[in-house]
Every structure is written in C-alpha cells, then in structure tokens.
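Peer 1: To be precise about what I am sending: the file is called start.cif and holds mmCIF, C-alpha atoms.
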data_input
#
loop_
_atom_site.label_atom_id
_atom_site.label_comp_id
_atom_site.auth_asym_id
_atom_site.auth_seq_id
_atom_site.Cartn_x
_atom_site.Cartn_y
_atom_site.Cartn_z
CA MET D 1 -26.68 12.89 26.82
CA ALA D 2 -24.28 10.08 27.29
CA ARG D 3 -20.84 11.03 26.17
CA PRO D 4 -17.55 9.25 26.63
CA GLY D 5 -15.34 10.62 29.28
CA PRO D 6 -12.15 12.47 28.63
CA VAL D 7 -9.15 10.82 27.13
CA THR D 8 -8.30 7.97 29.36
CA THR D 9 -6.21 7.05 31.37
CA HIS D 10 -5.61 4.85 34.13
CA ARG D 11 -1.85 5.13 34.32
CA ASP D 12 -0.63 7.43 36.99
CA ASP D 13 2.52 5.51 37.59
CA ASP D 14 4.20 6.27 34.29
CA SER D 15 6.40 9.04 35.58
CA GLU D 16 9.25 6.84 36.75
CA LEU D 17 9.27 4.88 33.51
CA VAL D 18 9.16 8.10 31.55
CA ARG D 19 12.13 9.42 33.52
CA GLN D 20 14.09 6.26 32.81
CA ALA D 21 13.13 6.28 29.14
CA ARG D 22 14.22 9.89 28.81
CA GLU D 23 17.62 8.79 30.01
CA GLY D 24 17.76 6.26 27.21
CA ASP D 25 16.39 3.19 28.97
CA ARG D 26 14.74 1.22 26.20
CA LEU D 27 13.41 -1.36 28.57
CA ALA D 28 11.48 1.32 30.41
CA PHE D 29 10.18 2.58 27.11
CA GLU D 30 9.07 -0.91 26.16
CA LYS D 31 7.08 -1.09 29.37
CA LEU D 32 5.42 2.19 28.51
CA TYR D 33 4.70 0.80 25.07
CA LYS D 34 3.07 -2.31 26.47
CA ARG D 35 0.94 -0.25 28.81
CA HIS D 36 -0.34 2.11 26.16
CA ARG D 37 -0.13 0.07 22.98
CA ASN D 38 -3.74 -1.05 22.80
CA ARG D 39 -5.08 2.36 23.69
CA VAL D 40 -3.06 4.05 20.97
CA PHE D 41 -3.85 1.31 18.50
CA GLY D 42 -7.57 1.66 19.12
CA LEU D 43 -7.30 5.35 18.40
CA VAL D 44 -5.27 5.20 15.19
CA TRP D 45 -7.11 2.11 13.96
CA ARG D 46 -10.42 3.96 14.06
CA LEU D 47 -8.94 7.15 12.67
CA CYS D 48 -7.66 5.32 9.62
CA GLY D 49 -10.93 3.56 9.01
CA GLY D 50 -10.07 0.12 10.31
CA ASP D 51 -7.11 -0.53 8.06
CA ASN D 52 -5.08 -2.96 10.13
CA ALA D 53 -1.77 -2.63 8.33
CA LEU D 54 -1.93 1.14 8.25
CA ALA D 55 -2.91 1.28 11.91
CA GLU D 56 0.09 -0.84 12.82
CA ASP D 57 2.31 1.54 10.88
CA LEU D 58 0.79 4.47 12.70
CA LEU D 59 1.18 2.75 16.05
CA GLN D 60 4.81 2.17 15.28
CA GLU D 61 5.35 5.72 14.10
CA SER D 62 3.61 7.14 17.15
CA PHE D 63 5.91 5.36 19.59
CA ILE D 64 9.01 6.18 17.61
CA ARG D 65 7.97 9.82 17.60
CA ALA D 66 7.27 9.61 21.31
CA TRP D 67 10.74 8.22 21.93
CA GLN D 68 12.28 11.01 19.92
CA LYS D 69 10.26 13.69 21.64
CA LEU D 70 10.41 12.43 25.19
CA ASP D 71 12.68 15.31 26.07
CA SER D 72 9.89 17.73 25.26
CA PHE D 73 7.48 16.00 27.62
CA ARG D 74 7.48 18.23 30.69
CA GLY D 75 5.12 16.23 32.81
CA GLU D 76 2.56 19.02 32.84
CA SER D 77 -0.03 16.53 31.64
CA ARG D 78 -0.12 12.81 32.08
CA PHE D 79 2.09 10.82 29.79
CA ALA D 80 -0.94 9.02 28.38
CA THR D 81 -2.56 12.32 27.44
CA TRP D 82 0.61 13.57 25.82
CA LEU D 83 1.10 10.30 23.94
CA HIS D 84 -2.51 10.27 22.83
CA ARG D 85 -2.31 13.75 21.38
CA LEU D 86 0.96 12.94 19.67
CA SER D 87 -0.61 9.83 18.12
CA VAL D 88 -3.55 11.80 16.81
CA ASN D 89 -1.15 14.19 15.14
CA VAL D 90 0.82 11.33 13.64
CA ALA D 91 -2.34 9.70 12.30
CA LEU D 92 -3.84 12.84 10.85
CA SER D 93 -0.68 14.11 9.24
CA ASP D 94 0.10 10.70 7.83
CA ARG D 95 -3.37 10.14 6.49
CA ARG D 96 -3.28 13.34 4.50
CA ILE D 97 -0.75 11.66 2.32
CA ARG D 98 -1.81 8.07 2.40
CA VAL D 99 -5.48 8.67 1.88
CA ARG D 100 -4.86 10.18 -1.50
CA ARG D 101 -2.69 7.26 -2.44
CA LEU D 102 -5.18 4.74 -1.18
CA GLU D 103 -8.02 6.40 -3.01
CA ARG D 104 -6.14 6.04 -6.23
CA GLU D 105 -4.56 2.69 -5.71
CA THR D 106 -7.16 0.66 -3.96
CA ALA D 107 -10.59 0.83 -5.38
CA LEU D 108 -12.13 -0.62 -2.28
CA GLU D 109 -10.28 -3.84 -1.94
CA GLY D 110 -13.12 -5.37 -0.03
CA THR D 111 -13.43 -6.14 3.60
CA ALA D 112 -10.29 -5.38 5.48
CA GLU D 113 -8.75 -7.73 7.92
CA ARG D 114 -10.15 -7.00 11.32
CA THR D 115 -8.81 -6.93 14.78
CA ALA D 116 -9.59 -8.54 18.06
CA THR D 117 -10.11 -6.70 21.30
CA GLY D 118 -9.36 -8.46 24.51
CA GLU D 119 -10.87 -11.87 24.40
CA LYS D 120 -13.73 -10.90 22.17
CA ASP D 121 -14.14 -10.23 18.52
CA VAL D 122 -14.72 -6.54 17.91
CA TYR D 123 -17.10 -7.42 15.15
CA ALA D 124 -19.43 -9.53 17.10
CA GLY D 125 -23.02 -8.47 16.63
CA GLN D 126 -23.98 -4.86 16.83
CA ARG D 127 -20.52 -3.66 17.69
CA MET D 128 -19.32 -4.96 14.38
CA ASP D 129 -22.03 -3.04 12.56
CA LEU D 130 -21.18 0.14 14.40
CA GLU D 131 -17.45 -0.15 13.77
CA GLN D 132 -18.11 -0.82 10.12
CA ALA D 133 -20.43 2.14 9.86
CA ILE D 134 -17.78 4.37 11.42
CA SER D 135 -15.09 3.04 9.12
CA LYS D 136 -17.23 3.86 6.10
CA LEU D 137 -17.58 7.52 7.05
CA PRO D 138 -15.90 10.17 4.93
CA GLU D 139 -12.46 11.08 6.22
CA ARG D 140 -13.16 14.30 8.08
CA ALA D 141 -16.50 13.16 9.43
CA ARG D 142 -14.88 10.02 10.82
CA THR D 143 -12.05 12.00 12.36
CA VAL D 144 -14.46 14.26 14.21
CA LEU D 145 -16.73 11.44 15.36
CA VAL D 146 -13.83 9.34 16.62
CA LEU D 147 -12.18 12.23 18.43
CA PHE D 148 -15.34 13.75 19.89
CA ASP D 149 -17.66 10.83 20.56
CA ILE D 150 -15.15 8.11 21.28
CA GLU D 151 -12.06 9.88 22.54
CA GLY D 152 -13.67 12.79 24.33
CA TYR D 153 -11.95 15.69 22.64
CA SER D 154 -13.69 19.06 22.52
CA HIS D 155 -14.61 20.76 19.27
CA ALA D 156 -11.98 23.41 19.97
CA GLU D 157 -9.31 20.74 20.35
CA ILE D 158 -10.44 18.95 17.21
CA ALA D 159 -10.47 22.19 15.28
CA GLU D 160 -6.89 22.84 16.31
CA ILE D 161 -5.64 19.33 15.64
CA ALA D 162 -7.45 18.74 12.36
CA GLY D 163 -7.05 22.27 11.01
CA MET D 164 -10.69 23.15 10.70
CA ALA D 165 -13.05 25.71 12.18
CA VAL D 166 -14.97 24.85 15.33
CA GLY D 167 -18.18 25.25 13.36
CA SER D 168 -16.91 22.78 10.77
CA SER D 169 -16.13 20.29 13.49
CA LYS D 170 -19.67 20.56 14.80
CA ALA D 171 -21.12 20.24 11.33
CA GLN D 172 -18.97 17.21 10.56
CA LEU D 173 -20.06 15.57 13.80
CA HIS D 174 -23.70 16.11 12.97
CA ARG D 175 -23.12 14.69 9.51
CA ALA D 176 -21.16 11.73 10.84
CA ARG D 177 -23.82 10.74 13.36
CA LYS D 178 -26.51 11.03 10.74
CA LEU D 179 -24.58 8.85 8.30
CA VAL D 180 -23.85 6.24 10.94
CA ARG D 181 -27.50 6.10 11.96
CA GLN D 182 -28.55 5.73 8.35
CA GLU D 183 -26.05 2.94 7.86
CA LEU D 184 -27.22 1.10 10.97
CA ASP D 185 -30.88 1.52 10.02
CA ARG D 186 -30.40 -0.19 6.70
CA MET Z 1 -32.20 4.53 15.66
CA ASN Z 2 -32.18 7.89 17.38
CA GLU Z 3 -29.12 9.85 18.40
CA GLN Z 4 -29.34 8.87 22.06
CA GLU Z 5 -29.22 5.20 21.17
CA LEU Z 6 -26.30 5.79 18.86
CA LEU Z 7 -24.32 7.63 21.54
CA LYS Z 8 -25.04 4.88 24.01
CA ARG Z 9 -23.66 2.30 21.63
CA ILE Z 10 -20.65 4.42 20.84
CA ALA Z 11 -19.94 4.79 24.55
CA GLU Z 12 -19.88 1.00 24.82
CA LEU Z 13 -17.15 0.63 22.23
CA PRO Z 14 -13.86 -0.53 23.71
CA ARG Z 15 -11.21 2.15 23.80
CA GLU Z 16 -8.45 -0.38 23.65
CA VAL Z 17 -7.95 -2.52 20.57
CA ARG Z 18 -5.23 -5.09 20.38
CA PRO Z 19 -3.26 -5.22 17.13
CA VAL Z 20 -3.08 -8.58 15.45
CA ARG Z 21 0.64 -8.21 15.00
CA ASP Z 22 2.74 -6.57 17.67
CA PRO Z 23 5.03 -4.08 15.94
CA TRP Z 24 7.41 -3.68 18.89
CA GLU Z 25 10.31 -5.31 17.06
CA GLY Z 26 10.05 -2.75 14.30
CA ILE Z 27 9.87 0.04 16.82
CA ALA Z 28 12.85 -1.23 18.75
CA ALA Z 29 14.88 -1.51 15.56
CA ARG Z 30 14.15 2.06 14.61
CA LEU Z 31 14.91 3.29 18.10
CA ASP Z 32 18.36 1.85 17.66
CA ASP Z 33 18.73 3.44 14.28
CA LYS Z 34 17.58 6.83 15.35
CA ALA Z 35 19.16 6.75 18.78
CA GLY Z 36 16.13 8.66 20.03
CA GLY Z 37 16.16 10.62 23.24
CA SER Z 38 19.68 11.68 22.51
CA GLY Z 39 19.28 14.78 24.58
CA ASN Z 40 19.59 12.74 27.71
CA ARG Z 41 22.12 10.26 26.47
CA PRO Z 42 25.83 10.16 26.94
CA ALA Z 43 27.61 11.95 24.17
CA ALA Z 44 29.14 8.69 23.01
CA GLU Z 45 25.68 7.37 22.17
CA ARG Z 46 24.57 10.40 20.27
CA PRO Z 47 24.67 10.25 16.50
CA ALA Z 48 27.48 12.25 15.02
CA PHE Z 49 26.70 15.10 12.68
CA SER Z 50 26.38 13.59 9.27
CA LEU Z 51 26.95 15.36 6.01
CA GLN Z 52 24.89 12.68 4.35
CA GLY Z 53 21.90 13.60 6.48
CA TRP Z 54 22.49 17.30 6.11
CA MET Z 55 22.68 17.46 2.35
CA PRO Z 56 19.12 16.35 1.56
CA LYS Z 57 17.81 18.91 4.01
CA ALA Z 58 19.81 21.64 2.33
CA VAL Z 59 18.59 20.55 -1.10
CA ALA Z 60 15.05 20.43 0.22
CA ALA Z 61 15.36 23.91 1.66
CA LEU Z 62 16.65 25.25 -1.65
CA ALA Z 63 13.80 23.59 -3.47
CA VAL Z 64 11.29 25.13 -1.13
CA VAL Z 65 12.76 28.58 -1.63
CA ALA Z 66 12.63 28.08 -5.39
CA VAL Z 67 9.00 26.96 -5.22
CA ALA Z 68 8.13 29.94 -3.09
CA VAL Z 69 9.74 32.31 -5.56
CA VAL Z 70 7.83 30.82 -8.46
CA LEU Z 71 4.55 30.65 -6.62
CA MET Z 72 4.92 34.24 -5.49
CA SER Z 73 5.48 35.29 -9.07
CA GLY Z 74 1.81 34.38 -9.46
CA PRO Z 75 -0.45 33.62 -12.37
CA GLU Z 76 -0.27 37.24 -13.41
CA SER Z 77 2.89 36.33 -15.24
CA VAL Z 78 0.76 34.41 -17.69
CA PRO Z 79 -0.47 36.65 -20.47
CA GLN Z 80 -4.13 37.44 -20.84
CA GLN Z 81 -4.06 37.62 -24.60
CA PRO Z 82 -3.62 34.89 -27.18
CA PRO Z 83 -0.03 33.93 -27.82
CA SER Z 84 1.22 32.81 -31.12
CA SER Z 85 1.54 29.18 -31.96
CA GLN Z 86 5.24 29.53 -32.09
CA SER Z 87 5.48 31.10 -28.69
CA ALA Z 88 3.16 28.64 -27.09
CA SER Z 89 4.54 25.61 -28.76
CA GLN Z 90 8.01 26.87 -28.08
CA SER Z 91 7.09 27.05 -24.43
CA ALA Z 92 5.77 23.56 -24.52
CA SER Z 93 8.65 22.18 -26.41
CA LEU Z 94 11.31 23.69 -24.19
CA THR Z 95 13.61 21.02 -23.05
CA ARG Z 96 12.01 19.39 -20.07
CA ALA Z 97 13.97 19.00 -16.90
CA PRO Z 98 15.24 15.51 -16.18
CA TYR Z 99 12.73 13.76 -14.09
CA THR Z 100 13.42 11.15 -11.48
CA PRO Z 101 10.86 8.69 -10.16
CA ILE Z 102 8.72 9.99 -7.35
CA PRO Z 103 6.58 8.14 -4.84
CA VAL Z 104 3.28 6.69 -5.82
CA VAL Z 105 1.49 9.38 -3.85
CA LEU Z 106 2.14 11.68 -6.75
CA ALA Z 107 1.08 9.20 -9.39
CA GLY Z 108 -2.32 10.74 -10.04
CA SER Z 109 -1.03 14.25 -10.27
CA GLU Z 110 1.89 13.13 -12.37
CA ALA Z 111 -0.33 11.25 -14.81
CA GLU Z 112 -2.59 14.24 -15.14
CA TYR Z 113 0.32 16.54 -15.77
CA GLN Z 114 1.91 14.23 -18.32
CA ALA Z 115 -1.40 13.85 -20.12
CA ALA Z 116 -1.86 17.59 -20.25
CA PHE Z 117 1.66 18.04 -21.48
CA ARG Z 118 1.22 15.43 -24.21
CA GLU Z 119 -2.05 16.93 -25.24
CA PHE Z 120 -0.74 20.42 -25.00
CA ILE Z 121 -2.53 22.14 -27.76
CA THR Z 122 -1.66 25.43 -29.26
CA ILE Z 123 -2.22 27.53 -32.24
CA GLY Z 124 -1.23 28.96 -35.56
CA ASP Z 125 1.16 31.67 -36.42
CA SER Z 126 0.26 34.72 -34.42
CA ARG Z 127 3.52 35.08 -32.58
CA ASN Z 128 4.10 38.37 -34.26
CA GLN Z 129 0.74 39.67 -33.13
CA ILE Z 130 1.62 39.75 -29.47
CA PRO Z 131 4.20 41.91 -27.73
CA ALA Z 132 7.66 40.49 -27.43
CA GLY Z 133 7.47 41.09 -23.68
CA THR Z 134 4.52 38.76 -23.40
CA VAL Z 135 6.27 36.01 -25.29
CA GLU Z 136 9.25 36.46 -23.03
CA LYS Z 137 7.00 36.23 -19.97
CA ILE Z 138 5.57 32.95 -21.16
CA GLU Z 139 8.94 31.46 -21.85
CA THR Z 140 10.47 32.76 -18.65
CA GLY Z 141 7.54 31.54 -16.57
CA TRP Z 142 7.79 28.06 -18.02
CA ALA Z 143 11.55 27.98 -17.61
CA ASP Z 144 11.14 28.96 -13.95
CA LEU Z 145 8.71 26.11 -13.41
CA LEU Z 146 11.09 23.67 -15.02
CA GLN Z 147 13.90 24.94 -12.83
CA VAL Z 148 11.81 24.30 -9.74
CA GLU Z 149 10.86 20.89 -11.12
CA THR Z 150 14.51 20.01 -11.43
CA ALA Z 151 15.32 21.13 -7.90
CA LEU Z 152 12.34 19.31 -6.44
CA SER Z 153 13.01 16.16 -8.43
CA ASP Z 154 16.57 16.10 -7.15
CA ALA Z 155 15.41 16.62 -3.59
CA LEU Z 156 12.80 13.88 -3.97
CA ALA Z 157 15.39 11.53 -5.34
CA GLN Z 158 17.23 11.99 -2.05
CA ASN Z 159 14.10 11.85 0.09
CA PRO Z 160 11.37 10.11 -1.91
CA ASN Z 161 9.04 9.80 1.06
CA ASP Z 162 9.43 13.26 2.45
CA PRO Z 163 5.85 14.49 2.86
CA PHE Z 164 6.84 18.13 2.65
CA LEU Z 165 8.63 17.67 -0.66
CA ASN Z 166 5.82 15.55 -2.01
CA LYS Z 167 3.36 18.25 -1.16
CA ARG Z 168 5.52 20.85 -2.88
CA MET Z 169 5.70 18.64 -5.96
CA LEU Z 170 1.95 18.28 -6.00
CA GLU Z 171 1.64 22.06 -5.81
CA LEU Z 172 4.17 22.48 -8.59
CA ARG Z 173 2.32 20.02 -10.81
CA ALA Z 174 -0.90 21.86 -10.16
CA ARG Z 175 0.78 25.08 -11.13
CA GLN Z 176 2.28 23.59 -14.27
CA LEU Z 177 -1.10 22.21 -15.21
CA GLY Z 178 -2.65 25.59 -14.70
CA PHE Z 179 0.03 27.18 -16.84
CA LEU Z 180 -0.48 24.74 -19.67
CA ARG Z 181 -4.23 25.05 -19.51
CA GLN Z 182 -4.06 28.81 -19.56
CA LEU Z 183 -1.89 28.72 -22.62
CA ALA Z 184 -4.09 26.17 -24.31
CA SER Z 185 -7.19 28.16 -23.59
CA LEU Z 186 -5.77 31.35 -25.06
CA ASP Z 187 -6.68 30.24 -28.49
CA HIS Z 188 -9.30 27.60 -28.95
CA SER Z 189 -9.78 28.07 -32.62
CA ASN Z 190 -6.65 26.66 -34.11
CA ARG Z 191 -5.47 23.72 -32.15
CA ARG Z 192 -3.08 20.98 -32.93
CA LEU Z 193 -1.15 18.45 -30.97
CA THR Z 194 2.43 19.41 -30.50
CA ILE Z 195 3.67 16.05 -29.28
#
Turn this file's structure into structure tokens for me.

Peer 2:
Amino acid sequence: MARPGPVTTHRDDDSELVRQAREGDRLAFEKLYKRHRNRVFGLVWRLCGGDNALAEDLLQESFIRAWQKLDSFRGESRFATWLHRLSVNVALSDRRIRVRRLERETALEGTAERTATGEKDVYAGQRMDLEQAISKLPERARTVLVLFDIEGYSHAEIAEIAGMAVGSSKAQLHRARKLVRQELDR
Amino acid sequence: MNEQELLKRIAELPREVRPVRDPWEGIAARLDDKAGGSGNRPAAERPAFSLQGWMPKAVAALAVVAVAVVLMSGPESVPQQPPSSQSASQSASLTRAPYTPIPVVLAGSEAEYQAAFREFITIGDSRNQIPAGTVEKIETGWADLLQVETALSDALAQNPNDPFLNKRMLELRARQLGFLRQLASLDHSNRRLTI
C-alpha cells in the first residue's frame, strides 16, 4: 500500500541557524522561516480545511510560538520535525475555538479563496477535486486523514496530538477515506 | 475509485503549499513585541516584569479556582423536589452579575443562556411546601454561579481572547443553563414567564 513517507524533511543544515536564532538573531530565524514556510503552510492549510486566511494566521502563530520556544528545542530531533509537531499543536488547539465560531458565523460562505503551489495551481484537474474533497471532510476525520495519509504520522501519534483513542483515529481514517472516495465518485 | 487509487493520488499531493500572502511582516512585528527567545538574550533585551501583564493572569487564576469550586459542588446541590414559585422565581430574579462583552466565540452559548434566562419559567406558590434548606440550596447555588460569572467576566474583559477563559465561560454557561432547566423542569404544571 502506497503511503507517504514520514514527516519531511530535507533540511539538515538548520542547526547553525537554529543556534543563531536561539541567541536572538532574527535574521537567522527569518531564514528558517523561509525554508519551512511552505511546508508548514501546507500542513495547517489542509488541517483547517483550505481556509486561506485562517491558515495564514496559523502559519504566523506557529512561527511566533517556535521563536518563543526555541530554547526548549534540544536538537534531539530535526528542527523541521520539531516545528512540524509544534504547528500541528497550534492548528489543532486553535481550531477547537475557531471552528465553533465559524460554524455559527459563516454558513458556508461559498468557495474559499485558494492557494497556489509552486508554479502550478493546486486546483488543476484531479488534484483540485481531491483537495476539495478533503476540505469538505468533518473536522476530526480530516485531521486524521491529513496527519496519517499526507503527513505520515502514526495512529499513536495522532491519538496523542488530537486527544483521541488509537482506535478512534483508525475509525476516523476509515471514515475519511470512504467519504473522500464517495465525493470523488460523484 | 478504490482505496489504492485514492492513496496513490493522496501521495501525489504536494506537501508544500505557498501562501498567497507572506505573513512574515506580521511575524517579525510580533517577535519584536514579544522579545521571544529571551532566555538567550542579553538581560537588557529581556522584557521587564510587568504588573500589567501579571494582573490578568492572577484574575484568571482566581476565576479558575472559583469555577472549580462551583463545578465541584456538583448538580447534587440542585434539589430533586419541586420548589415553590417564590423560591424559583426568586432565584431567577436575583440580581444578575454585571456582564461585560465577550468574544464572538461565546455568542451561541451566550444567546442560548440569555434565551433560557428570559424564558425562565417557574411555578405557583409552593415555597412553603419544601424545606427551607432546599430553598437555601437553590439560592446559594445560583449566587455561587453568579459570583463565578462576575469573576470570569472580569477576567475576560482583561483577556477577551484567552482560550482558557473562554472555555471556562462556556462551561459556566452550560452549567447555568442546566441549573435553570432543572429548576424549570421541577414543576411543569404551573408555568409563567418571570421576565
């Protein structure tokens, strides 16, 4: 079964920038931001269901939190892994509040503004359909699908992060895949 | 489409997505404000201890303790027998704590609570039929909730976007709703609007 690999990443040369940023070097931190921005944005954008404005807020909050917590980064994992996990926590904790507000305030405002990836439109052809199907998933189902199928987290990790049982994570994944398939088969 | 095909397509999704608007400026501004990474900064760059920042936290902590006390008192403090109209309506008509605006995240809960309060329905004249201790429990329970409401409202006025406080307020509203509904359900036969 094809399954995405573990959480990226390709940056093994972050350690020096991290060291400088921990000493208060904002320029070094900006470089880290530029390296990891799109990766973090892709994550939080999918977790929040493709809401561009919210994803930008979450991206911003993730890097601010990272800056504040750099002292706690011990280098035991790669910076990208640490940042990724931190961003997931930011997105999930934030959504618990905002989702309720959005459900009440915005009765499906219609198609959200979408985002470009690289030189291509994310929503070209089938990819667009798939992203839309994922964005339409119920909250918890989408969280599990994004983290497991796209980001490569294990069910145990998802259970810990999202505050659910491992069995619930598996059930939500099954449900999410089924719903996405149904949406794509329409 | 079968599951294998779906997983193949998911695997082809790009992991990196470029935001339309680069929020770096906002990040940089807040880094300045927060002076993050202070642990490794010269002392001169670290933010000084601020009473202004400390006070809301203290208020929040007090509010949390108050909520905990009330929540731990539990629904058992609500009587299981019909109260009199006077006792119930007296509970409902107790002076309500001053209420300050709270974030929109609470709007639904707030509207529900206000509606329940407005429609708070109670009964005739059976106050004398229930033990004085029960009446006192009702009134004390409601007063406790109002006290917590006051503390939380004050804390929220200081920190309107604090997620922890907002969550506590939601819990408090749920508890107040439950209280009102329990009272209202104690006697279904002789209802009237009190407000």

Peer 1: With the file shown as input, list the residues that the PyMOL selection byres ((chain Z and resi 25-27) around 9) selects, as a list in words.

Peer 2: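 Against this file, the PyMOL selection byres ((chain Z and resi 25-27) around 9) returns the residues Gln60, Glu61, Phe63 and Ile64 of chain D; Asp22, Pro23, Trp24, Ala28, Ala29, Arg30, Leu31 and Asp32 of chain Z.
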
Peer 1: Enumerate, as a ChimeraX atom specification, the residues matched when the PyMOL selection byres ((chain D and resi 177) around 12) is run on the file above.

Peer 2: /D:130,133-134,136-138,141-146,148-149,170-176,178-184 /Z:1-7,9-10

Peer 1: Could you turn the residues from that selection into a file that holds C-alpha atoms, as a PDB file, in the frame of the given file?

Peer 2:
ATOM      1  CA  LEU D 130     -21.180   0.140  14.400  1.00  0.00           C
ATOM      2  CA  ALA D 133     -20.430   2.140   9.860  1.00  0.00           C
ATOM      3  CA  ILE D 134     -17.780   4.370  11.420  1.00  0.00           C
ATOM      4  CA  LYS D 136     -17.230   3.860   6.100  1.00  0.00           C
ATOM      5  CA  LEU D 137     -17.580   7.520   7.050  1.00  0.00           C
ATOM      6  CA  PRO D 138     -15.900  10.170   4.930  1.00  0.00           C
ATOM      7  CA  ALA D 141     -16.500  13.160   9.430  1.00  0.00           C
ATOM      8  CA  ARG D 142     -14.880  10.020  10.820  1.00  0.00           C
ATOM      9  CA  THR D 143     -12.050  12.000  12.360  1.00  0.00           C
ATOM     10  CA  VAL D 144     -14.460  14.260  14.210  1.00  0.00           C
ATOM     11  CA  LEU D 145     -16.730  11.440  15.360  1.00  0.00           C
ATOM     12  CA  VAL D 146     -13.830   9.340  16.620  1.00  0.00           C
ATOM     13  CA  PHE D 148     -15.340  13.750  19.890  1.00  0.00           C
ATOM     14  CA  ASP D 149     -17.660  10.830  20.560  1.00  0.00           C
ATOM     15  CA  LYS D 170     -19.670  20.560  14.800  1.00  0.00           C
ATOM     16  CA  ALA D 171     -21.120  20.240  11.330  1.00  0.00           C
ATOM     17  CA  GLN D 172     -18.970  17.210  10.560  1.00  0.00           C
ATOM     18  CA  LEU D 173     -20.060  15.570  13.800  1.00  0.00           C
ATOM     19  CA  HIS D 174     -23.700  16.110  12.970  1.00  0.00           C
ATOM     20  CA  ARG D 175     -23.120  14.690   9.510  1.00  0.00           C
ATOM     21  CA  ALA D 176     -21.160  11.730  10.840  1.00  0.00           C
ATOM     22  CA  LYS D 178     -26.510  11.030  10.740  1.00  0.00           C
ATOM     23  CA  LEU D 179     -24.580   8.850   8.300  1.00  0.00           C
ATOM     24  CA  VAL D 180     -23.850   6.240  10.940  1.00  0.00           C
ATOM     25  CA  ARG D 181     -27.500   6.100  11.960  1.00  0.00           C
ATOM     26  CA  GLN D 182     -28.550   5.730   8.350  1.00  0.00           C
ATOM     27  CA  GLU D 183     -26.050   2.940   7.860  1.00  0.00           C
ATOM     28  CA  LEU D 184     -27.220   1.100  10.970  1.00  0.00           C
TER      29      LEU D 184
ATOM     30  CA  MET Z   1     -32.200   4.530  15.660  1.00  0.00           C
ATOM     31  CA  ASN Z   2     -32.180   7.890  17.380  1.00  0.00           C
ATOM     32  CA  GLU Z   3     -29.120   9.850  18.400  1.00  0.00           C
ATOM     33  CA  GLN Z   4     -29.340   8.870  22.060  1.00  0.00           C
ATOM     34  CA  GLU Z   5     -29.220   5.200  21.170  1.00  0.00           C
ATOM     35  CA  LEU Z   6     -26.300   5.790  18.860  1.00  0.00           C
ATOM     36  CA  LEU Z   7     -24.320   7.630  21.540  1.00  0.00           C
ATOM     37  CA  ARG Z   9     -23.660   2.300  21.630  1.00  0.00           C
ATOM     38  CA  ILE Z  10     -20.650   4.420  20.840  1.00  0.00           C
TER      39      ILE Z  10
END

Peer 1: From the options Z:Ala174, Z:Ile138, Z:Leu165, Z:Val17, which residue's atoms come nearest to Ala151 of chain Z, counting only C-alpha atoms?

Peer 2: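 The closest residue to Ala151 of chain Z is Z:Leu165.
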
Peer 1: Excluding Arg19 of chain D and any residue of its chain fewer than 3 positions from it, enumerate the residues within 12 Å of it, using all atoms listed in the file, and give them as a ChimeraX atom specification.

Peer 2: /D:13-16,22-29,32,67,70-75,79 /Z:37,40

Peer 1: Hey, can you spit out that residue selection with C-alpha atoms as a PDB file, in the frame of the given file?

Peer 2:
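result_21.pdb, written as the output of this step:
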ATOM      1  CA  ASP D  13       2.520   5.510  37.590  1.00  0.00           C
ATOM      2  CA  ASP D  14       4.200   6.270  34.290  1.00  0.00           C
ATOM      3  CA  SER D  15       6.400   9.040  35.580  1.00  0.00           C
ATOM      4  CA  GLU D  16       9.250   6.840  36.750  1.00  0.00           C
ATOM      5  CA  ARG D  22      14.220   9.890  28.810  1.00  0.00           C
ATOM      6  CA  GLU D  23      17.620   8.790  30.010  1.00  0.00           C
ATOM      7  CA  GLY D  24      17.760   6.260  27.210  1.00  0.00           C
ATOM      8  CA  ASP D  25      16.390   3.190  28.970  1.00  0.00           C
ATOM      9  CA  ARG D  26      14.740   1.220  26.200  1.00  0.00           C
ATOM     10  CA  LEU D  27      13.410  -1.360  28.570  1.00  0.00           C
ATOM     11  CA  ALA D  28      11.480   1.320  30.410  1.00  0.00           C
ATOM     12  CA  PHE D  29      10.180   2.580  27.110  1.00  0.00           C
ATOM     13  CA  LEU D  32       5.420   2.190  28.510  1.00  0.00           C
ATOM     14  CA  TRP D  67      10.740   8.220  21.930  1.00  0.00           C
ATOM     15  CA  LEU D  70      10.410  12.430  25.190  1.00  0.00           C
ATOM     16  CA  ASP D  71      12.680  15.310  26.070  1.00  0.00           C
ATOM     17  CA  SER D  72       9.890  17.730  25.260  1.00  0.00           C
ATOM     18  CA  PHE D  73       7.480  16.000  27.620  1.00  0.00           C
ATOM     19  CA  ARG D  74       7.480  18.230  30.690  1.00  0.00           C
ATOM     20  CA  GLY D  75       5.120  16.230  32.810  1.00  0.00           C
ATOM     21  CA  PHE D  79       2.090  10.820  29.790  1.00  0.00           C
TER      22      PHE D  79
ATOM     23  CA  GLY Z  37      16.160  10.620  23.240  1.00  0.00           C
ATOM     24  CA  ASN Z  40      19.590  12.740  27.710  1.00  0.00           C
TER      25      ASN Z  40
END

Peer 1: Report as a list in words all protein, DNA and RNA residues lying within 8 Å of segment 157-164 of chain D, evaluated on only C-alpha atoms, omitting residues in the same chain fewer than 4 positions from it.

Peer 2: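 Returned residues: Val88, Asn89, Leu92, Val144, Leu147, Phe148, Tyr153, Ser168 and Ser169 of chain D.
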
Peer 1: Pick the closest to chain D from Z:Leu146, Z:Leu152, Z:Leu170, Z:Leu180: which is it, counting only C-alpha atoms?

Peer 2: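 Result for the nearest residue to chain D: Z:Leu170.
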
Peer 1: Export segment 16-24 of chain Z, N, CA and C atoms, as a short mmCIF file (atom, residue, chain, number, x, y, z; two decimals), in the first residue's frame; it's the structure right above.

Peer 2:
data_model
loop_
_atom_site.label_atom_id
_atom_site.label_comp_id
_atom_site.auth_asym_id
_atom_site.auth_seq_id
_atom_site.Cartn_x
_atom_site.Cartn_y
_atom_site.Cartn_z
N GLU Z 16 4.24 20.90 0.12
CA GLU Z 16 4.46 22.33 0.31
C GLU Z 16 3.41 23.12 -0.45
N VAL Z 17 2.84 24.08 0.24
CA VAL Z 17 1.85 24.97 -0.38
C VAL Z 17 2.28 26.40 -0.06
N ARG Z 18 2.33 27.19 -1.08
CA ARG Z 18 2.79 28.57 -0.88
C ARG Z 18 1.61 29.48 -0.53
N PRO Z 19 1.70 30.21 0.57
CA PRO Z 19 0.60 31.13 0.89
C PRO Z 19 0.52 32.26 -0.11
N VAL Z 20 -0.67 32.72 -0.35
CA VAL Z 20 -0.86 33.83 -1.28
C VAL Z 20 -0.18 35.09 -0.74
N ARG Z 21 -0.35 35.27 0.56
CA ARG Z 21 0.22 36.46 1.19
C ARG Z 21 1.27 36.00 2.19
N ASP Z 22 2.44 36.55 2.11
CA ASP Z 22 3.50 36.14 3.03
C ASP Z 22 3.34 36.89 4.35
N PRO Z 23 3.08 36.18 5.43
CA PRO Z 23 2.82 36.87 6.70
C PRO Z 23 4.07 37.20 7.50
N TRP Z 24 5.24 37.20 6.86
CA TRP Z 24 6.46 37.41 7.63
C TRP Z 24 6.46 38.75 8.38
#
